[in-house]
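**Student:** My structure is in entry-v1.cif, and what it holds is mmCIF, C-alpha atoms and all ligand atoms:
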data_my_file
loop_
_atom_site.label_atom_id
_atom_site.label_comp_id
_atom_site.auth_asym_id
_atom_site.auth_seq_id
_atom_site.Cartn_x
_atom_site.Cartn_y
_atom_site.Cartn_z
CA MET A 1 -21.02 1.72 -11.23
CA LYS A 2 -20.07 4.89 -13.05
CA ILE A 3 -16.78 4.71 -15.00
CA CYS A 4 -15.04 8.07 -15.46
CA ARG A 5 -12.10 8.52 -17.82
CA THR A 6 -11.61 12.24 -17.19
CA ILE A 7 -11.21 14.34 -14.06
CA GLU A 8 -14.12 16.53 -15.12
CA GLU A 9 -16.54 13.57 -15.33
CA MET A 10 -15.37 12.38 -11.92
CA ARG A 11 -15.81 15.82 -10.34
CA GLU A 12 -19.35 16.14 -11.76
CA THR A 13 -20.35 12.75 -10.39
CA LEU A 14 -18.93 13.51 -6.95
CA ALA A 15 -20.57 16.96 -6.89
CA ASN A 16 -23.94 15.21 -7.29
CA TYR A 17 -23.22 12.99 -4.28
CA ARG A 18 -22.13 15.98 -2.22
CA ARG A 19 -25.24 17.97 -3.18
CA ALA A 20 -27.30 15.05 -1.85
CA GLY A 21 -25.37 15.29 1.44
CA GLU A 22 -23.70 11.88 0.94
CA SER A 23 -20.34 11.11 2.54
CA ILE A 24 -17.58 9.76 0.29
CA GLY A 25 -14.96 7.12 1.09
CA LEU A 26 -11.99 6.82 -1.29
CA VAL A 27 -9.92 3.77 -2.26
CA THR A 28 -6.94 4.58 -4.52
CA THR A 29 -5.32 1.71 -6.45
CA MET A 30 -2.98 0.93 -9.31
CA GLY A 31 -5.31 -1.84 -10.50
CA ALA A 32 -4.36 -5.56 -10.63
CA LEU A 33 -6.94 -5.90 -7.89
CA HIS A 34 -7.08 -8.71 -5.35
CA GLU A 35 -9.02 -9.39 -2.16
CA GLY A 36 -6.81 -6.95 -0.24
CA HIS A 37 -8.18 -4.07 -2.35
CA ILE A 38 -11.71 -5.37 -1.97
CA ALA A 39 -11.28 -5.34 1.83
CA LEU A 40 -10.54 -1.60 1.51
CA VAL A 41 -13.76 -1.13 -0.49
CA HIS A 42 -15.75 -3.09 2.13
CA ALA A 43 -14.29 -0.97 4.94
CA ALA A 44 -15.29 2.20 3.04
CA ARG A 45 -18.71 0.76 2.18
CA GLU A 46 -19.49 0.28 5.90
CA ARG A 47 -18.95 3.96 6.72
CA HIS A 48 -19.97 5.95 3.64
CA ALA A 49 -23.01 6.45 1.45
CA ARG A 50 -20.67 6.50 -1.58
CA VAL A 51 -17.45 4.68 -2.38
CA ALA A 52 -15.17 6.31 -4.95
CA THR A 53 -12.13 4.49 -6.36
CA THR A 54 -9.26 5.21 -8.69
CA ILE A 55 -7.18 2.98 -10.94
CA PHE A 56 -3.99 4.71 -12.03
CA VAL A 57 -0.56 3.14 -12.55
CA ASN A 58 1.42 6.09 -11.26
CA PRO A 59 4.67 6.47 -13.25
CA THR A 60 6.38 8.76 -10.73
CA GLN A 61 6.55 6.14 -7.99
CA PHE A 62 8.46 3.59 -10.14
CA GLY A 63 12.27 3.73 -10.08
CA GLU A 64 12.88 1.87 -13.32
CA ALA A 65 11.01 2.10 -16.61
CA ALA A 66 11.13 -1.71 -16.88
CA ASP A 67 9.32 -2.07 -13.56
CA LEU A 68 6.59 0.32 -14.73
CA ALA A 69 6.23 -1.52 -18.05
CA ALA A 70 6.01 -4.90 -16.27
CA TYR A 71 3.26 -3.73 -13.90
CA PRO A 72 0.16 -5.89 -14.55
CA ARG A 73 -2.79 -4.19 -16.25
CA THR A 74 -6.08 -6.04 -15.81
CA GLU A 75 -8.67 -3.33 -16.38
CA ALA A 76 -11.70 -5.43 -17.40
CA GLN A 77 -11.30 -7.78 -14.44
CA ASP A 78 -10.65 -4.86 -12.06
CA LEU A 79 -13.88 -3.13 -13.12
CA GLU A 80 -15.84 -6.35 -12.58
CA MET A 81 -14.38 -6.75 -9.10
CA PHE A 82 -15.13 -3.15 -8.12
CA GLU A 83 -18.67 -3.41 -9.43
CA ALA A 84 -19.29 -6.66 -7.53
CA ALA A 85 -17.93 -5.05 -4.34
CA GLY A 86 -20.45 -2.20 -4.60
CA VAL A 87 -18.21 0.66 -5.76
CA ASP A 88 -20.21 3.70 -6.93
CA VAL A 89 -17.67 5.42 -9.14
CA VAL A 90 -14.20 4.72 -10.52
CA LEU A 91 -11.76 7.14 -12.14
CA LEU A 92 -9.28 5.80 -14.72
CA PRO A 93 -7.37 8.93 -15.72
CA GLN A 94 -4.72 9.36 -18.44
CA VAL A 95 -1.14 10.08 -17.38
CA ASP A 96 -1.13 13.48 -19.10
CA GLU A 97 -4.24 14.58 -17.22
CA ILE A 98 -2.64 13.76 -13.88
CA TYR A 99 0.77 15.20 -14.91
CA PRO A 100 -0.23 17.86 -17.48
CA ASP A 101 3.10 19.69 -17.45
CA GLY A 102 5.47 16.99 -16.35
CA GLU A 103 6.48 16.99 -12.72
CA GLU A 104 7.17 20.57 -11.60
CA THR A 105 5.26 20.55 -8.31
CA ILE A 106 5.97 17.70 -5.93
CA VAL A 107 4.74 16.73 -2.48
CA GLU A 108 7.25 15.09 -0.17
CA THR A 109 7.44 13.96 3.44
CA THR A 110 11.08 14.94 3.68
CA SER A 111 12.25 12.62 6.47
CA LEU A 112 9.71 9.81 6.74
CA GLY A 113 9.57 9.26 2.98
CA ASN A 114 13.33 9.01 2.56
CA MET A 115 14.19 6.53 5.31
CA LEU A 116 13.95 2.72 5.32
CA HIS A 117 12.08 1.61 2.19
CA GLY A 118 12.35 5.19 0.86
CA ALA A 119 16.16 5.08 1.14
CA VAL A 120 16.40 2.00 -1.10
CA ARG A 121 13.83 3.32 -3.58
CA PRO A 122 14.72 7.04 -3.90
CA GLY A 123 11.77 9.15 -5.01
CA HIS A 124 9.23 6.36 -4.52
CA PHE A 125 7.28 7.93 -1.65
CA ARG A 126 7.53 11.38 -3.26
CA GLY A 127 5.73 9.86 -6.25
CA VAL A 128 3.11 8.34 -3.95
CA THR A 129 2.48 11.52 -1.94
CA THR A 130 2.35 13.65 -5.08
CA VAL A 131 -0.22 11.44 -6.81
CA VAL A 132 -2.28 10.87 -3.65
CA THR A 133 -2.44 14.65 -3.15
CA LYS A 134 -3.76 15.04 -6.70
CA LEU A 135 -6.30 12.24 -6.19
CA PHE A 136 -7.40 13.78 -2.86
CA ASN A 137 -7.86 17.12 -4.62
CA ILE A 138 -9.94 15.53 -7.38
CA VAL A 139 -12.17 13.47 -5.07
CA ARG A 140 -12.10 15.49 -1.81
CA PRO A 141 -13.27 12.45 0.18
CA ASP A 142 -14.31 12.38 3.84
CA ALA A 143 -11.99 9.43 4.43
CA ALA A 144 -9.45 7.41 2.44
CA TYR A 145 -8.60 3.74 3.01
CA PHE A 146 -5.12 2.22 2.71
CA GLY A 147 -3.73 -1.26 3.44
CA GLU A 148 -1.57 -1.83 6.52
CA LYS A 149 0.63 -4.17 4.46
CA ASP A 150 2.25 -1.07 2.91
CA TYR A 151 3.14 0.01 6.42
CA GLN A 152 5.51 2.88 5.63
CA GLN A 153 3.23 4.14 2.83
CA LEU A 154 0.36 4.34 5.32
CA ALA A 155 2.55 6.29 7.78
CA VAL A 156 3.76 8.64 5.02
CA ILE A 157 0.21 9.33 3.78
CA ARG A 158 -1.04 9.92 7.34
CA ARG A 159 1.78 12.37 7.97
CA MET A 160 1.26 14.23 4.68
CA THR A 161 -2.51 14.46 5.25
CA GLY A 162 -1.95 15.90 8.72
CA ASP A 163 0.85 18.28 7.72
CA LEU A 164 -1.07 19.66 4.73
CA LEU A 165 -4.32 19.96 6.73
CA PHE A 166 -6.37 18.02 4.21
CA GLY A 167 -9.05 17.23 6.80
CA ILE A 168 -9.39 13.71 5.41
CA ASP A 169 -9.59 10.74 7.78
CA ILE A 170 -6.91 8.17 6.87
CA VAL A 171 -8.04 4.64 7.73
CA GLY A 172 -5.63 1.69 7.84
CA VAL A 173 -7.13 -1.69 6.93
CA PRO A 174 -5.54 -4.97 8.16
CA THR A 175 -3.65 -7.11 5.65
CA VAL A 176 -5.73 -9.79 3.94
CA ARG A 177 -3.98 -13.17 3.82
CA GLU A 178 -4.34 -16.40 1.86
CA ALA A 179 -5.29 -19.48 3.91
CA ASP A 180 -1.59 -20.32 4.38
CA GLY A 181 -0.77 -16.83 5.67
CA LEU A 182 0.72 -15.27 2.52
CA ALA A 183 -0.22 -11.59 2.38
CA MET A 184 -2.29 -10.82 -0.73
CA SER A 185 -0.38 -8.85 -3.34
CA SER A 186 -0.57 -8.21 -7.08
CA ARG A 187 2.96 -9.68 -7.23
CA ASN A 188 1.95 -13.14 -5.94
CA ALA A 189 0.70 -14.09 -9.41
CA ARG A 190 4.29 -13.77 -10.70
CA LEU A 191 5.64 -16.45 -8.33
CA SER A 192 6.52 -19.91 -9.69
CA PRO A 193 4.48 -22.71 -8.03
CA GLU A 194 7.53 -23.65 -5.90
CA ASP A 195 8.12 -20.05 -4.79
CA ARG A 196 4.40 -19.63 -4.10
CA ASP A 197 4.66 -22.60 -1.71
CA ALA A 198 7.72 -21.05 -0.05
CA ALA A 199 6.36 -17.48 0.24
CA PRO A 200 4.31 -17.92 3.48
CA VAL A 201 7.69 -18.02 5.26
CA LEU A 202 7.39 -14.22 5.61
CA ASN A 203 4.23 -14.51 7.68
CA ARG A 204 5.74 -17.40 9.66
CA ALA A 205 8.75 -15.23 10.51
CA LEU A 206 6.46 -12.44 11.76
CA GLU A 207 4.42 -14.92 13.81
CA ALA A 208 7.64 -16.32 15.30
CA ALA A 209 8.60 -12.76 16.29
CA GLN A 210 5.27 -12.22 18.04
CA ALA A 211 5.58 -15.60 19.79
CA ILE A 212 8.80 -14.55 21.60
CA ALA A 213 7.79 -10.91 22.14
CA LEU A 214 7.64 -10.89 25.92
CA PRO A 215 8.39 -7.63 27.77
CA GLY A 216 12.14 -7.20 28.19
CA VAL A 217 13.21 -9.60 25.43
CA PRO A 218 16.20 -8.07 23.58
CA VAL A 219 15.02 -6.75 20.22
CA GLU A 220 18.18 -8.26 18.69
CA GLU A 221 16.74 -11.67 19.59
CA ILE A 222 13.52 -10.84 17.75
CA ALA A 223 15.53 -9.82 14.68
CA ARG A 224 17.57 -13.05 14.89
CA THR A 225 14.39 -15.15 15.07
CA ILE A 226 13.06 -13.49 11.92
CA ARG A 227 16.36 -13.95 10.05
CA ASP A 228 16.65 -17.62 11.13
CA THR A 229 13.07 -18.40 10.11
CA VAL A 230 13.53 -16.91 6.64
CA ALA A 231 16.99 -18.51 6.25
CA ALA A 232 15.41 -21.94 6.89
CA GLU A 233 13.49 -21.54 3.60
CA PRO A 234 16.09 -22.03 0.82
CA ARG A 235 13.96 -20.33 -1.87
CA ALA A 236 13.73 -17.03 0.08
CA ARG A 237 16.44 -14.36 0.28
CA LEU A 238 15.78 -11.81 3.01
CA GLU A 239 16.42 -8.30 1.63
CA GLY A 240 15.10 -5.97 4.28
CA LEU A 241 14.28 -6.18 7.96
CA ASP A 242 13.30 -2.97 9.73
CA MET A 243 11.90 -2.60 13.21
CA VAL A 244 10.44 0.80 14.09
CA ASP A 245 8.47 2.65 16.71
CA PRO A 246 4.97 2.66 15.14
CA ALA A 247 4.31 6.25 16.29
CA THR A 248 7.54 7.91 15.11
CA PHE A 249 9.08 5.37 12.71
CA ARG A 250 12.33 5.77 14.72
CA PRO A 251 14.38 2.59 14.08
CA ILE A 252 14.54 0.18 17.03
CA ILE A 253 17.82 -1.71 16.84
CA THR A 254 18.88 -2.68 20.36
CA GLY A 255 17.56 -2.82 23.91
CA PRO A 256 14.77 -4.60 25.74
CA LEU A 257 11.29 -4.76 24.21
CA ASP A 258 9.15 -2.21 26.07
CA GLY A 259 6.27 -1.42 23.71
CA PRO A 260 4.80 -2.18 20.29
CA VAL A 261 7.21 -2.55 17.38
CA GLY A 262 6.37 -2.26 13.69
CA ILE A 263 8.27 -4.88 11.71
CA MET A 264 8.69 -4.61 7.94
CA ILE A 265 10.34 -7.41 6.01
CA SER A 266 11.04 -8.04 2.36
CA ALA A 267 12.44 -11.09 0.60
CA ARG A 268 13.18 -12.09 -2.95
CA PHE A 269 11.96 -15.34 -4.48
CA GLY A 270 13.22 -16.79 -7.79
CA GLN A 271 16.23 -15.83 -9.90
CA GLY A 272 17.34 -13.07 -12.28
CA ASP A 273 14.68 -11.17 -14.21
CA HIS A 274 12.02 -13.51 -12.83
CA ALA A 275 12.79 -12.75 -9.18
CA VAL A 276 9.82 -11.39 -7.24
CA LEU A 277 10.25 -9.13 -4.22
CA LEU A 278 7.55 -9.62 -1.59
CA ILE A 279 6.95 -7.48 1.48
CA ASP A 280 5.08 -8.18 4.70
CA GLN A 281 4.47 -6.33 7.92
CA ARG A 282 3.21 -6.83 11.44
CA GLU A 283 3.04 -4.81 14.63
CA ILE A 284 4.15 -6.96 17.53
CA HIS A 285 2.93 -6.23 21.03
CA PRO A 286 4.75 -7.47 24.17
O1 LIG B 1 -0.71 1.51 -2.82
C1 LIG B 1 -0.87 1.79 -4.04
O2 LIG B 1 -1.48 1.05 -4.80
C2 LIG B 1 -0.29 3.09 -4.58
O3 LIG B 1 0.94 3.38 -3.98
C3 LIG B 1 -1.24 4.27 -4.47
C4 LIG B 1 -1.54 4.63 -3.02
C5 LIG B 1 -2.54 3.97 -5.21
C6 LIG B 1 -0.62 5.52 -5.12
O4 LIG B 1 -0.33 5.32 -6.46
#
Write out the structure in this file as structure tokens.
Ligand code: PAF
**Tutor:**
Amino acid sequence: MKICRTIEEMRETLANYRRAGESIGLVTTMGALHEGHIALVHAARERHARVATTIFVNPTQFGEAADLAAYPRTEAQDLEMFEAAGVDVVLLPQVDEIYPDGEETIVETTSLGNMLHGAVRPGHFRGVTTVVTKLFNIVRPDAAYFGEKDYQQLAVIRRMTGDLLFGIDIVGVPTVREADGLAMSSRNARLSPEDRDAAPVLNRALEAAQAIALPGVPVEEIARTIRDTVAAEPRARLEGLDMVDPATFRPIITGPLDGPVGIMISARFGQGDHAVLLIDQREIHP
């Protein structure tokens, strides 16, 4: 596996692949890798002669400096995992190469990126779309692979890629779960043992929603089932529950269930500075 620390090195490596007529699949990450990231690499590996990856903790998508500073950095382990998964090349750029003159030019999905999760974390998706645009321009892949767990992020990136005519295929990869249903996340390692045991309640709540999702069921009843399931776990505090039309992201709040619904939930585990916010997602189908 080739390790590139500069954009120039990365571009040279990719130019060689392109000259050989090889297709390139891209997996962008912020490191702290887990099996969910490796599933993205495997999906890319199946379709492309070359798999390119990036590890870059993107400062512009963090609201608070403390959150950015606390983000886990596990470079040596990440490189081992990528190598074992069959990655061909990884870029680990410096912040000042990605943002050479600060942040003058931004890329933003003006509506989709500022609703729901984007409304509670102002500027977050603008940071994501700006950095993903830069990474797309560096790598110019045939396709890029993103996890379905970050449901709104996937929708935002799809929309941006279409609107800006990148000509890159955006592939969503299903969430990888632990044996007890907990969605894999870099944040799981920060849970206390008791909170780790409690955390699968998010997946249970989504399963409970699917279990009652018959055509015509009031969507309010689905929301109530999710709230009741999470409330039954004393260590979890539900923070967000959004139900949307998967195609448009229009919120679905009332009325009978008449098609697929994308459900995004988030809950906090633990107290004070040690609290960990987990998210999960599922599309339910009547
Ligand atoms: O999903 C992530 O890890 C990040 O948001 C991404 C897409 C790598 C952009 O920094």
**Student:** Could you please extract the residues within 7 Å of ligand LIG 1 (chain B), counting all atoms listed in the file, and hand them back as JSON, numbers by chain?
**Tutor:** {"A": [28, 29, 30, 56, 57, 58, 128, 131, 132, 150]}
**Student:** Would you please work out which residue, of A:Ala43, A:Met160, A:Ile7, A:Ile226, is nearest to A:Leu238 when using only C-alpha atoms?
**Tutor:** A:Ile226
**Student:** Could I get the residues of stretch 36-80 of chain A with an atom no further than 12 Å from an atom of stretch 261-273 of chain A, each paired with its nearest atom pair and that distance in Å to one decimal, using all atoms listed in the file, sorted by chain and residue number, as JSON lines?
**Tutor:**
{"residue": "A:Ala66", "atom": "CA", "partner": "A:Asp273", "partner_atom": "CA", "distance": 10.5}
{"residue": "A:Asp67", "atom": "CA", "partner": "A:Asp273", "partner_atom": "CA", "distance": 10.6}
{"residue": "A:Ala70", "atom": "CA", "partner": "A:Asp273", "partner_atom": "CA", "distance": 10.9}
**Student:** Find the residues near A:Leu14: any atom within 8 Å, counting all atoms listed in the file, skip ones fewer than 4 places away on the same chain, and give them as a list in words.
**Tutor:**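 The residues satisfying every condition are Met10, Arg18 and Val139 of chain A.
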**Student:** To one decimal place, how far is atom CA of A:Arg47 from atom CA of A:Asp280 in Å?
**Tutor:**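 Separation of atom CA of A:Arg47 and atom CA of A:Asp280: 27.0 Å.
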**Student:** May I ask for the distance between atom CA of A:Leu40 and atom CA of A:Met115, given in Å to one decimal place?
**Tutor:**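 Those two atoms sit 26.3 Å apart.
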**Student:** Please reconstruct the missing atoms of stretch 165-176 of chain A (target: all heavy atoms) and return them as a PDB file, keeping the file's coordinate frame.
**Tutor:**
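Output saved as rebuild28.pdb:
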ATOM      1  N   LEU A 165      -2.996  19.579   6.229  1.00  0.00           N
ATOM      2  CA  LEU A 165      -4.320  19.960   6.730  1.00  0.00           C
ATOM      3  C   LEU A 165      -5.446  19.624   5.752  1.00  0.00           C
ATOM      4  O   LEU A 165      -6.340  20.428   5.507  1.00  0.00           O
ATOM      5  CB  LEU A 165      -4.344  21.475   7.058  1.00  0.00           C
ATOM      6  CG  LEU A 165      -3.182  21.974   7.929  1.00  0.00           C
ATOM      7  CD1 LEU A 165      -3.204  23.481   8.045  1.00  0.00           C
ATOM      8  CD2 LEU A 165      -3.223  21.335   9.310  1.00  0.00           C
ATOM      9  N   PHE A 166      -5.350  18.430   5.181  1.00  0.00           N
ATOM     10  CA  PHE A 166      -6.370  18.020   4.210  1.00  0.00           C
ATOM     11  C   PHE A 166      -7.752  17.837   4.859  1.00  0.00           C
ATOM     12  O   PHE A 166      -8.763  17.914   4.185  1.00  0.00           O
ATOM     13  CB  PHE A 166      -5.980  16.686   3.572  1.00  0.00           C
ATOM     14  CG  PHE A 166      -5.143  16.827   2.327  1.00  0.00           C
ATOM     15  CD1 PHE A 166      -3.800  16.488   2.333  1.00  0.00           C
ATOM     16  CD2 PHE A 166      -5.711  17.280   1.159  1.00  0.00           C
ATOM     17  CE1 PHE A 166      -3.036  16.601   1.185  1.00  0.00           C
ATOM     18  CE2 PHE A 166      -4.957  17.393   0.006  1.00  0.00           C
ATOM     19  CZ  PHE A 166      -3.617  17.055   0.015  1.00  0.00           C
ATOM     20  N   GLY A 167      -7.760  17.495   6.153  1.00  0.00           N
ATOM     21  CA  GLY A 167      -9.050  17.230   6.800  1.00  0.00           C
ATOM     22  C   GLY A 167      -9.696  15.956   6.291  1.00  0.00           C
ATOM     23  O   GLY A 167     -10.920  15.847   6.235  1.00  0.00           O
ATOM     24  N   ILE A 168      -8.869  15.007   5.875  1.00  0.00           N
ATOM     25  CA  ILE A 168      -9.390  13.710   5.410  1.00  0.00           C
ATOM     26  C   ILE A 168      -8.957  12.653   6.422  1.00  0.00           C
ATOM     27  O   ILE A 168      -7.795  12.633   6.846  1.00  0.00           O
ATOM     28  CB  ILE A 168      -8.795  13.372   4.008  1.00  0.00           C
ATOM     29  CG1 ILE A 168      -9.287  14.375   2.967  1.00  0.00           C
ATOM     30  CG2 ILE A 168      -9.158  11.935   3.598  1.00  0.00           C
ATOM     31  CD1 ILE A 168      -8.559  14.274   1.625  1.00  0.00           C
ATOM     32  N   ASP A 169      -9.900  11.792   6.813  1.00  0.00           N
ATOM     33  CA  ASP A 169      -9.590  10.740   7.780  1.00  0.00           C
ATOM     34  C   ASP A 169      -8.861   9.611   7.044  1.00  0.00           C
ATOM     35  O   ASP A 169      -9.370   9.095   6.055  1.00  0.00           O
ATOM     36  CB  ASP A 169     -10.954  10.260   8.346  1.00  0.00           C
ATOM     37  CG  ASP A 169     -10.788   9.293   9.480  1.00  0.00           C
ATOM     38  OD1 ASP A 169      -9.680   9.202  10.018  1.00  0.00           O
ATOM     39  OD2 ASP A 169     -11.798   8.629   9.813  1.00  0.00           O
ATOM     40  N   ILE A 170      -7.658   9.257   7.508  1.00  0.00           N
ATOM     41  CA  ILE A 170      -6.910   8.170   6.870  1.00  0.00           C
ATOM     42  C   ILE A 170      -7.125   6.895   7.681  1.00  0.00           C
ATOM     43  O   ILE A 170      -6.794   6.842   8.870  1.00  0.00           O
ATOM     44  CB  ILE A 170      -5.405   8.490   6.778  1.00  0.00           C
ATOM     45  CG1 ILE A 170      -5.172   9.808   6.018  1.00  0.00           C
ATOM     46  CG2 ILE A 170      -4.635   7.338   6.117  1.00  0.00           C
ATOM     47  CD1 ILE A 170      -5.670   9.824   4.578  1.00  0.00           C
ATOM     48  N   VAL A 171      -7.691   5.876   7.024  1.00  0.00           N
ATOM     49  CA  VAL A 171      -8.040   4.640   7.730  1.00  0.00           C
ATOM     50  C   VAL A 171      -7.139   3.505   7.243  1.00  0.00           C
ATOM     51  O   VAL A 171      -7.050   3.247   6.037  1.00  0.00           O
ATOM     52  CB  VAL A 171      -9.529   4.275   7.470  1.00  0.00           C
ATOM     53  CG1 VAL A 171      -9.933   3.032   8.264  1.00  0.00           C
ATOM     54  CG2 VAL A 171     -10.441   5.453   7.806  1.00  0.00           C
ATOM     55  N   GLY A 172      -6.470   2.851   8.180  1.00  0.00           N
ATOM     56  CA  GLY A 172      -5.630   1.690   7.840  1.00  0.00           C
ATOM     57  C   GLY A 172      -6.458   0.416   7.948  1.00  0.00           C
ATOM     58  O   GLY A 172      -7.212   0.245   8.911  1.00  0.00           O
ATOM     59  N   VAL A 173      -6.335  -0.450   6.956  1.00  0.00           N
ATOM     60  CA  VAL A 173      -7.130  -1.690   6.930  1.00  0.00           C
ATOM     61  C   VAL A 173      -6.166  -2.884   7.018  1.00  0.00           C
ATOM     62  O   VAL A 173      -5.175  -2.945   6.277  1.00  0.00           O
ATOM     63  CB  VAL A 173      -7.978  -1.759   5.626  1.00  0.00           C
ATOM     64  CG1 VAL A 173      -8.756  -3.064   5.532  1.00  0.00           C
ATOM     65  CG2 VAL A 173      -8.928  -0.562   5.569  1.00  0.00           C
ATOM     66  N   PRO A 174      -6.455  -3.831   7.963  1.00  0.00           N
ATOM     67  CA  PRO A 174      -5.540  -4.970   8.160  1.00  0.00           C
ATOM     68  C   PRO A 174      -5.289  -5.763   6.877  1.00  0.00           C
ATOM     69  O   PRO A 174      -6.155  -5.871   6.003  1.00  0.00           O
ATOM     70  CB  PRO A 174      -6.259  -5.836   9.192  1.00  0.00           C
ATOM     71  CG  PRO A 174      -7.164  -4.889   9.917  1.00  0.00           C
ATOM     72  CD  PRO A 174      -7.583  -3.861   8.907  1.00  0.00           C
ATOM     73  N   THR A 175      -4.088  -6.316   6.802  1.00  0.00           N
ATOM     74  CA  THR A 175      -3.650  -7.110   5.650  1.00  0.00           C
ATOM     75  C   THR A 175      -4.548  -8.334   5.475  1.00  0.00           C
ATOM     76  O   THR A 175      -4.843  -9.030   6.446  1.00  0.00           O
ATOM     77  CB  THR A 175      -2.189  -7.565   5.889  1.00  0.00           C
ATOM     78  OG1 THR A 175      -1.407  -6.397   6.084  1.00  0.00           O
ATOM     79  CG2 THR A 175      -1.640  -8.370   4.727  1.00  0.00           C
ATOM     80  N   VAL A 176      -4.946  -8.583   4.235  1.00  0.00           N
ATOM     81  CA  VAL A 176      -5.730  -9.790   3.940  1.00  0.00           C
ATOM     82  C   VAL A 176      -4.748 -10.879   3.521  1.00  0.00           C
ATOM     83  O   VAL A 176      -3.838 -10.630   2.720  1.00  0.00           O
ATOM     84  CB  VAL A 176      -6.756  -9.528   2.822  1.00  0.00           C
ATOM     85  CG1 VAL A 176      -7.568 -10.791   2.520  1.00  0.00           C
ATOM     86  CG2 VAL A 176      -7.685  -8.392   3.217  1.00  0.00           C
TER      87      VAL A 176
END
